[in-house]
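Notes for the one structure printed next.
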Amino acid sequence: MFLWFHRLGSARYFFDFARRLTPWLGSLAAVTVITGLYLGLFVAPPDYQQGDGYRIMFVHVPSAWMSMFIYVFMAVNAAVGLIWRIKIAHLLSTAAAIVGASFTFITLATGSIWGKPMWGAWWAWDARLTSELILLFLYLGFIALQSAIQDRSKAQQAGAILLLAGVVNIPIIHYSVLWWHTLHQTASITKFGMPSIHSSMLAPLLFMWVGFMFFFFYLLMLRSRALILEYERSSRWVQEAGAVK
Amino acid sequence: MNSPFMALLRRDLLLAFRNPGDLATPVIFFIVTVTLFSFAAGGDLEMLSTIGPGVVWSAALLSAMLSLDGIFRDDYEDGTLEQMLLAPSALTVLVFAKLLAHWLSTGLPLIAVSPVLGILMNLDSDVILILVVTIALSTPVFSLVGAFGAALVVTQRKAGILLSLLTLPLCIPVLIFSVLAVAATASQQPVGGHLSLLCAFLVFSLTVAPFAVAGSLRLMAGD
């Protein structure tokens, strides 16, 4: 087990591992997302208050979960990479960044599409929306920092330090935004507290979440393979692999 | 008095005061930005006093960031930073001296100017007092957090925008509680809680940031 884990730290083994994993993750993601969409769009009943409009939640809520999960995932990889000097861990957080930023953007976009008919405004300075927006800035800062630094190893380590600082700050930011929001609460914003959710609505939500999880790891494997090929392009095994195909 | 800490502090302050232009830039930027806002908002006194604290606050944050861009770069380019990395005294202590010098030469002027800007923004005197207190409590936090960002981009030549992107999100909590404190004063509510939280942020960043800055510097400028 430990040896296997150790081997994964090598770019070459990881590349093979990722290549074998990719089709499985992709098909699992497709199956679960399609099931979740079917359950969410056709099986789940309309909400008694929001009608069919609430169905965007089946994309919105799992994306929001993913956006936070991916940041923590990146931070854990950053810590692993910094402490044990494992290059693959850095590579994984680099590969995950754009996917995380995209999920954050999807969360914001679907949130405001939902907000237009429900709140009457595209954007409200609601605590959760604002936290997501700041999370998007944190993702963009990470991506910008990594692309600004020429030396790859330094870029990865600088990004890792930034991620760790960010993950310490996220709870602070979240709660300060929450308090700011509650003190500034205006009448137009109704808190979208989730009441005990019915199982017919919970099931598609969970399916979508699991599906997004598979989808994320599918994309992660694809992107990390691409990054490995780019980083190791001068190494022999990559050139041989290129020559064979 | 000859400790490395004092020596570096004296050197950085000397450098700052020998370049009065650099010293004045953040303050001038601060004043110009606030003036610009009042033009943009239409100069209605009633409205200015509502948005005033926020405007003064954002401008202070931006000017502090502006001044942080080069805090380590000059030392990096002329080799001083390398000597600091090699020096027998702890890098954290040296970083702390640099940050203190930076705050004394840029943070204090901002604090000194802010009451005048408060008057321009038609704020009441008790609101101005709290505004100055919050700016005084938060400019050290900006120096500390911003120095962390500046250390990460020390090898980049033009990193002003990148630095803002990295550090402004991290400064949002401080901004929120400062503006809350000012708003509470304006509506005659107690401000103690907000100020305590600001102090907590200050203590937290004082404790953590010098280590983070030293670590980032060692990583980016080392080897």
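Ordered as shown in the structure tokens, chains take letters A, B, and onward, while each chain numbers its residues from 1 and ligands are numbered from 1 in the order shown.
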Select, as a PyMOL selection string, those residues of chain A with any atom no more than 12 Å from chain B (distances computed using only C-alpha atoms). chain A and resi 82+130-184
Nearest-residue call for Pro140 in chain B, choices B:Val203, B:Val182, B:Ala87, B:Leu197, using only C-alpha atoms: B:Val203
10 Å contact set for Ala30 in chain A, only C-alpha atoms, chain neighbours under 4 positions out, as a PyMOL selection string: chain A and resi 24-26+34-36+211-212+214-215
Counting only C-alpha atoms, what is within 12 Å of Phe217 in chain A, bar same-chain residues fewer than 4 positions away, as a short mmCIF file (atom, residue, chain, number, x, y, z; two decimals) with N, CA, C and O atoms, in the first residue's frame?
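File produced: result.cif:
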data_model
loop_
_atom_site.label_atom_id
_atom_site.label_comp_id
_atom_site.auth_asym_id
_atom_site.auth_seq_id
_atom_site.Cartn_x
_atom_site.Cartn_y
_atom_site.Cartn_z
N ALA A 18 -3.32 7.46 -14.07
CA ALA A 18 -4.36 8.39 -14.50
C ALA A 18 -4.99 7.91 -15.81
O ALA A 18 -6.20 8.03 -15.99
N LEU A 21 -7.40 5.23 -15.11
CA LEU A 21 -8.55 5.67 -14.32
C LEU A 21 -9.53 6.51 -15.15
O LEU A 21 -10.74 6.50 -14.90
N THR A 22 -9.00 7.24 -16.13
CA THR A 22 -9.80 8.24 -16.83
C THR A 22 -11.13 7.71 -17.39
O THR A 22 -12.18 8.27 -17.08
N PRO A 23 -11.13 6.60 -18.19
CA PRO A 23 -12.41 6.18 -18.75
C PRO A 23 -13.42 5.79 -17.69
O PRO A 23 -14.61 6.08 -17.83
N TRP A 24 -12.95 5.15 -16.61
CA TRP A 24 -13.88 4.77 -15.54
C TRP A 24 -14.53 6.00 -14.94
O TRP A 24 -15.75 6.06 -14.79
N LEU A 25 -13.71 6.97 -14.59
CA LEU A 25 -14.25 8.18 -13.96
C LEU A 25 -15.21 8.87 -14.91
O LEU A 25 -16.29 9.32 -14.51
N GLY A 26 -14.83 8.93 -16.20
CA GLY A 26 -15.68 9.61 -17.16
C GLY A 26 -17.03 8.94 -17.29
O GLY A 26 -18.07 9.60 -17.24
N SER A 27 -17.04 7.59 -17.40
CA SER A 27 -18.34 6.95 -17.59
C SER A 27 -19.17 6.99 -16.31
O SER A 27 -20.38 7.21 -16.37
N LEU A 28 -18.52 6.84 -15.14
CA LEU A 28 -19.27 6.97 -13.89
C LEU A 28 -19.90 8.35 -13.76
O LEU A 28 -21.06 8.50 -13.37
N ALA A 29 -19.11 9.38 -14.15
CA ALA A 29 -19.64 10.74 -14.08
C ALA A 29 -20.84 10.89 -14.99
O ALA A 29 -21.88 11.42 -14.59
N MET A 66 -18.72 21.62 -4.63
CA MET A 66 -17.48 21.29 -5.33
C MET A 66 -16.48 22.44 -5.23
O MET A 66 -15.29 22.22 -5.04
N PHE A 69 -14.94 22.15 -1.93
CA PHE A 69 -14.17 20.91 -1.82
C PHE A 69 -12.86 21.02 -2.59
O PHE A 69 -11.80 20.62 -2.09
N ILE A 70 -12.92 21.59 -3.79
CA ILE A 70 -11.72 21.63 -4.63
C ILE A 70 -10.67 22.54 -3.99
O ILE A 70 -9.48 22.23 -4.03
N PHE A 73 -9.15 20.55 -1.34
CA PHE A 73 -8.35 19.52 -2.00
C PHE A 73 -7.01 20.09 -2.44
O PHE A 73 -5.95 19.51 -2.21
N LEU A 92 -1.13 18.35 -8.99
CA LEU A 92 -2.57 18.15 -8.86
C LEU A 92 -3.26 19.44 -8.47
O LEU A 92 -4.35 19.74 -8.97
N SER A 93 -2.64 20.23 -7.59
CA SER A 93 -3.35 21.47 -7.23
C SER A 93 -3.35 22.44 -8.39
O SER A 93 -4.34 23.14 -8.61
N ALA A 95 -3.50 21.49 -11.50
CA ALA A 95 -4.48 20.98 -12.44
C ALA A 95 -5.90 21.25 -11.97
O ALA A 95 -6.80 21.46 -12.78
N ALA A 96 -6.10 21.27 -10.65
CA ALA A 96 -7.46 21.43 -10.13
C ALA A 96 -7.93 22.87 -10.16
O ALA A 96 -9.14 23.12 -10.14
N VAL A 99 -10.50 24.02 -12.81
CA VAL A 99 -11.77 23.33 -12.62
C VAL A 99 -12.51 23.94 -11.44
O VAL A 99 -13.72 24.21 -11.50
N GLY A 100 -11.77 24.20 -10.35
CA GLY A 100 -12.40 24.80 -9.18
C GLY A 100 -12.96 26.17 -9.49
O GLY A 100 -14.08 26.50 -9.11
N VAL A 210 -22.46 13.45 -6.43
CA VAL A 210 -21.53 12.36 -6.70
C VAL A 210 -21.03 12.44 -8.14
O VAL A 210 -19.84 12.27 -8.43
N GLY A 211 -21.97 12.76 -9.06
CA GLY A 211 -21.60 12.87 -10.46
C GLY A 211 -20.57 13.97 -10.68
O GLY A 211 -19.58 13.78 -11.40
N PHE A 212 -20.77 15.13 -10.02
CA PHE A 212 -19.82 16.24 -10.16
C PHE A 212 -18.47 15.84 -9.59
O PHE A 212 -17.42 16.22 -10.11
N MET A 213 -18.53 15.05 -8.51
CA MET A 213 -17.29 14.59 -7.90
C MET A 213 -16.50 13.74 -8.89
O MET A 213 -15.31 13.97 -9.12
N MET A 221 -7.76 14.13 -13.82
CA MET A 221 -6.85 13.16 -14.43
C MET A 221 -6.44 13.63 -15.83
O MET A 221 -5.28 13.57 -16.20
N LEU A 222 -7.42 14.13 -16.60
CA LEU A 222 -7.10 14.60 -17.94
C LEU A 222 -6.09 15.73 -17.89
O LEU A 222 -5.07 15.73 -18.59
N ARG A 223 -6.37 16.68 -17.00
CA ARG A 223 -5.51 17.87 -16.95
C ARG A 223 -4.14 17.52 -16.39
O ARG A 223 -3.12 18.07 -16.85
N SER A 224 -4.09 16.62 -15.40
CA SER A 224 -2.77 16.32 -14.85
C SER A 224 -1.96 15.52 -15.85
O SER A 224 -0.74 15.68 -15.92
N ARG A 225 -2.64 14.69 -16.67
CA ARG A 225 -1.89 13.99 -17.71
C ARG A 225 -1.27 14.99 -18.69
O ARG A 225 -0.09 14.88 -19.07
#
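If you look at CA of Leu62 in chain B and CA of Phe37 in chain B, they are 13.3 Å away from each other.
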I need the residues of range 38-226 of chain A that end up classed as helix (DSSP H, G or I) by DSSP on the backbone, written out as a count of residues only. 154
Which polymer residues have any atom within 9 Å of an atom of Gly222 in chain B, counting only C-alpha atoms, with same-chain residues fewer than 4 positions away left out, as a PDB file with N, CA and C atoms, in the first residue's frame?
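Saved the output as selection-v5.pdb:
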ATOM      1  N   GLU B  82      19.498  38.916  -0.272  1.00  0.00           N
ATOM      2  CA  GLU B  82      20.326  37.717  -0.180  1.00  0.00           C
ATOM      3  C   GLU B  82      21.139  37.745   1.110  1.00  0.00           C
ATOM      4  N   LEU B  85      19.011  36.883   3.917  1.00  0.00           N
ATOM      5  CA  LEU B  85      18.763  35.441   3.999  1.00  0.00           C
ATOM      6  C   LEU B  85      19.952  34.716   4.614  1.00  0.00           C
ATOM      7  N   LEU B 217       9.850  34.440   1.367  1.00  0.00           N
ATOM      8  CA  LEU B 217      11.078  35.077   0.862  1.00  0.00           C
ATOM      9  C   LEU B 217      12.163  34.039   0.651  1.00  0.00           C
ATOM     10  N   ARG B 218      12.279  33.135   1.642  1.00  0.00           N
ATOM     11  CA  ARG B 218      13.320  32.117   1.538  1.00  0.00           C
ATOM     12  C   ARG B 218      13.084  31.260   0.305  1.00  0.00           C
TER      13      ARG B 218
END
Atomic distance CA of Arg73 in chain B - CA of Pro109 in chain B, expressed in Å with one decimal: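 Taking CA of Arg73 in chain B as the start and CA of Pro109 in chain B as the end point, the length is 22.2 Å.
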Between CA of Phe29 in chain B and CA of Thr106 in chain B - distance in Å to one decimal: 11.7 Å
May I have the residues within 9 Å of Leu110 in chain B as a PyMOL selection string, using only C-alpha atoms and disregarding those fewer than 2 positions away in the same chain? chain B and resi 26-27+30+60+63-64+106-108+112-114+135-136+139
Requested write-out: all heavy atoms of the selected residues, as an mmCIF file, in the first residue's frame:
data_model
loop_
_atom_site.group_PDB
_atom_site.id
_atom_site.type_symbol
_atom_site.label_atom_id
_atom_site.label_comp_id
_atom_site.auth_asym_id
_atom_site.auth_seq_id
_atom_site.Cartn_x
_atom_site.Cartn_y
_atom_site.Cartn_z
ATOM 1 N N PRO B 26 1.958 57.347 -1.586
ATOM 2 C CA PRO B 26 0.719 56.726 -1.100
ATOM 3 C C PRO B 26 -0.268 57.749 -0.545
ATOM 4 O O PRO B 26 -1.469 57.638 -0.781
ATOM 5 C CB PRO B 26 1.195 55.777 -0.002
ATOM 6 C CG PRO B 26 2.632 55.571 -0.232
ATOM 7 C CD PRO B 26 3.133 56.802 -0.902
ATOM 8 N N VAL B 27 0.250 58.750 0.170
ATOM 9 C CA VAL B 27 -0.637 59.741 0.769
ATOM 10 C C VAL B 27 -1.352 60.535 -0.314
ATOM 11 O O VAL B 27 -2.570 60.763 -0.263
ATOM 12 C CB VAL B 27 0.172 60.674 1.688
ATOM 13 C CG1 VAL B 27 -0.752 61.683 2.334
ATOM 14 C CG2 VAL B 27 0.873 59.864 2.745
ATOM 15 N N PHE B 30 -3.932 58.464 -1.902
ATOM 16 C CA PHE B 30 -5.064 58.380 -0.972
ATOM 17 C C PHE B 30 -5.985 59.591 -1.146
ATOM 18 O O PHE B 30 -7.195 59.458 -1.368
ATOM 19 C CB PHE B 30 -4.473 58.323 0.438
ATOM 20 C CG PHE B 30 -5.448 58.066 1.552
ATOM 21 C CD1 PHE B 30 -6.573 57.283 1.348
ATOM 22 C CD2 PHE B 30 -5.208 58.584 2.819
ATOM 23 C CE1 PHE B 30 -7.457 57.017 2.389
ATOM 24 C CE2 PHE B 30 -6.079 58.335 3.857
ATOM 25 C CZ PHE B 30 -7.208 57.554 3.643
ATOM 26 N N ALA B 60 -7.779 53.944 1.465
ATOM 27 C CA ALA B 60 -6.641 53.653 2.346
ATOM 28 C C ALA B 60 -6.057 52.283 2.029
ATOM 29 O O ALA B 60 -4.832 52.111 1.942
ATOM 30 C CB ALA B 60 -7.097 53.715 3.803
ATOM 31 N N SER B 63 -4.123 52.469 -1.259
ATOM 32 C CA SER B 63 -2.824 53.153 -1.169
ATOM 33 C C SER B 63 -1.820 52.313 -0.405
ATOM 34 O O SER B 63 -0.629 52.291 -0.754
ATOM 35 C CB SER B 63 -2.942 54.533 -0.516
ATOM 36 O OG SER B 63 -4.228 54.898 -0.274
ATOM 37 N N ALA B 64 -2.297 51.604 0.625
ATOM 38 C CA ALA B 64 -1.370 50.743 1.365
ATOM 39 C C ALA B 64 -0.807 49.665 0.440
ATOM 40 O O ALA B 64 0.394 49.371 0.456
ATOM 41 C CB ALA B 64 -2.081 50.109 2.562
ATOM 42 N N THR B 106 4.696 54.538 5.777
ATOM 43 C CA THR B 106 3.510 54.703 4.935
ATOM 44 C C THR B 106 2.203 54.641 5.724
ATOM 45 O O THR B 106 1.262 55.348 5.412
ATOM 46 C CB THR B 106 3.441 53.633 3.830
ATOM 47 O OG1 THR B 106 3.412 52.364 4.446
ATOM 48 C CG2 THR B 106 4.610 53.720 2.902
ATOM 49 N N GLY B 107 2.135 53.777 6.725
ATOM 50 C CA GLY B 107 0.896 53.652 7.485
ATOM 51 C C GLY B 107 0.583 54.900 8.288
ATOM 52 O O GLY B 107 -0.541 55.411 8.245
ATOM 53 N N LEU B 108 1.569 55.409 8.988
ATOM 54 C CA LEU B 108 1.336 56.584 9.837
ATOM 55 C C LEU B 108 0.861 57.795 9.046
ATOM 56 O O LEU B 108 -0.101 58.451 9.455
ATOM 57 C CB LEU B 108 2.617 56.916 10.618
ATOM 58 C CG LEU B 108 2.839 56.126 11.902
ATOM 59 C CD1 LEU B 108 4.054 56.667 12.643
ATOM 60 C CD2 LEU B 108 1.620 56.203 12.800
ATOM 61 N N ALA B 112 -2.567 59.870 9.553
ATOM 62 C CA ALA B 112 -2.574 61.298 9.835
ATOM 63 C C ALA B 112 -3.489 62.045 8.876
ATOM 64 O O ALA B 112 -4.134 63.032 9.261
ATOM 65 C CB ALA B 112 -1.148 61.849 9.736
ATOM 66 N N VAL B 113 -3.574 61.599 7.634
ATOM 67 C CA VAL B 113 -4.373 62.331 6.653
ATOM 68 C C VAL B 113 -5.856 62.002 6.770
ATOM 69 O O VAL B 113 -6.717 62.820 6.444
ATOM 70 C CB VAL B 113 -3.868 62.004 5.226
ATOM 71 C CG1 VAL B 113 -4.692 62.714 4.200
ATOM 72 C CG2 VAL B 113 -2.430 62.404 5.086
ATOM 73 N N SER B 114 -6.172 60.781 7.280
ATOM 74 C CA SER B 114 -7.560 60.325 7.207
ATOM 75 C C SER B 114 -8.575 61.254 7.887
ATOM 76 O O SER B 114 -9.686 61.393 7.366
ATOM 77 C CB SER B 114 -7.672 58.897 7.726
ATOM 78 O OG SER B 114 -7.082 58.777 8.971
ATOM 79 N N ILE B 135 -8.577 52.760 11.032
ATOM 80 C CA ILE B 135 -7.475 52.795 10.059
ATOM 81 C C ILE B 135 -6.147 52.542 10.777
ATOM 82 O O ILE B 135 -5.275 51.832 10.271
ATOM 83 C CB ILE B 135 -7.476 54.138 9.297
ATOM 84 C CG1 ILE B 135 -8.684 54.168 8.366
ATOM 85 C CG2 ILE B 135 -6.209 54.299 8.471
ATOM 86 C CD1 ILE B 135 -8.744 55.350 7.460
ATOM 87 N N ALA B 136 -6.035 53.104 11.994
ATOM 88 C CA ALA B 136 -4.804 52.883 12.748
ATOM 89 C C ALA B 136 -4.634 51.411 13.094
ATOM 90 O O ALA B 136 -3.522 50.874 13.074
ATOM 91 C CB ALA B 136 -4.817 53.725 14.017
ATOM 92 N N THR B 139 -4.007 49.437 9.296
ATOM 93 C CA THR B 139 -2.859 49.610 8.402
ATOM 94 C C THR B 139 -1.717 48.637 8.738
ATOM 95 O O THR B 139 -1.085 48.139 7.807
ATOM 96 C CB THR B 139 -2.360 51.064 8.396
ATOM 97 O OG1 THR B 139 -2.453 51.588 9.703
ATOM 98 C CG2 THR B 139 -3.173 51.903 7.445
#
Which one of B:Leu45, B:Leu68, B:Leu23, B:Ile128 sits closest to Ala150 in chain B if you count only C-alpha atoms?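 When distances to Ala150 in chain B are compared using only C-alpha atoms, the smallest one comes from B:Leu68.
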Select, from A:Ala124, A:Leu41, A:Val80, A:Met74, the residue with the minimum atom-to-atom distance to Met201 in chain A, counting only C-alpha atoms.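 Among the listed residues, the smallest separation from Met201 in chain A belongs to A:Leu41.
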Nearest to Gly160 in chain B, restricted to only C-alpha atoms and choosing among B:Ser3, B:Ser67, B:Thr50, B:Ser38, comes out as B:Ser67
Just want the 7 Å neighbourhood of Asn122 in chain B, counted on only C-alpha atoms, with same-chain residues fewer than 4 positions away dropped. Output as an mmCIF file with N, CA, C and O atoms, in the first residue's frame.
data_model
loop_
_atom_site.group_PDB
_atom_site.id
_atom_site.type_symbol
_atom_site.label_atom_id
_atom_site.label_comp_id
_atom_site.auth_asym_id
_atom_site.auth_seq_id
_atom_site.Cartn_x
_atom_site.Cartn_y
_atom_site.Cartn_z
ATOM 1 N N LEU B 45 -23.689 66.347 -0.190
ATOM 2 C CA LEU B 45 -23.136 66.168 1.156
ATOM 3 C C LEU B 45 -23.839 65.058 1.923
ATOM 4 O O LEU B 45 -23.215 64.279 2.641
ATOM 5 N N LEU B 48 -22.565 61.848 0.623
ATOM 6 C CA LEU B 48 -21.146 61.664 0.936
ATOM 7 C C LEU B 48 -20.964 61.139 2.352
ATOM 8 O O LEU B 48 -20.128 60.272 2.596
ATOM 9 N N SER B 49 -21.778 61.656 3.285
ATOM 10 C CA SER B 49 -21.585 61.197 4.658
ATOM 11 C C SER B 49 -22.033 59.750 4.809
ATOM 12 O O SER B 49 -21.591 59.062 5.726
ATOM 13 N N GLY B 118 -11.948 62.640 6.212
ATOM 14 C CA GLY B 118 -13.244 62.475 6.862
ATOM 15 C C GLY B 118 -14.037 63.771 6.841
ATOM 16 O O GLY B 118 -15.242 63.775 6.591
#
Pick from B:Val141, B:Leu66, B:Ile51, B:Ala7: nearest to Ile28 in chain B, with only C-alpha atoms counted?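 When distances to Ile28 in chain B are compared using only C-alpha atoms, the smallest one comes from B:Leu66.
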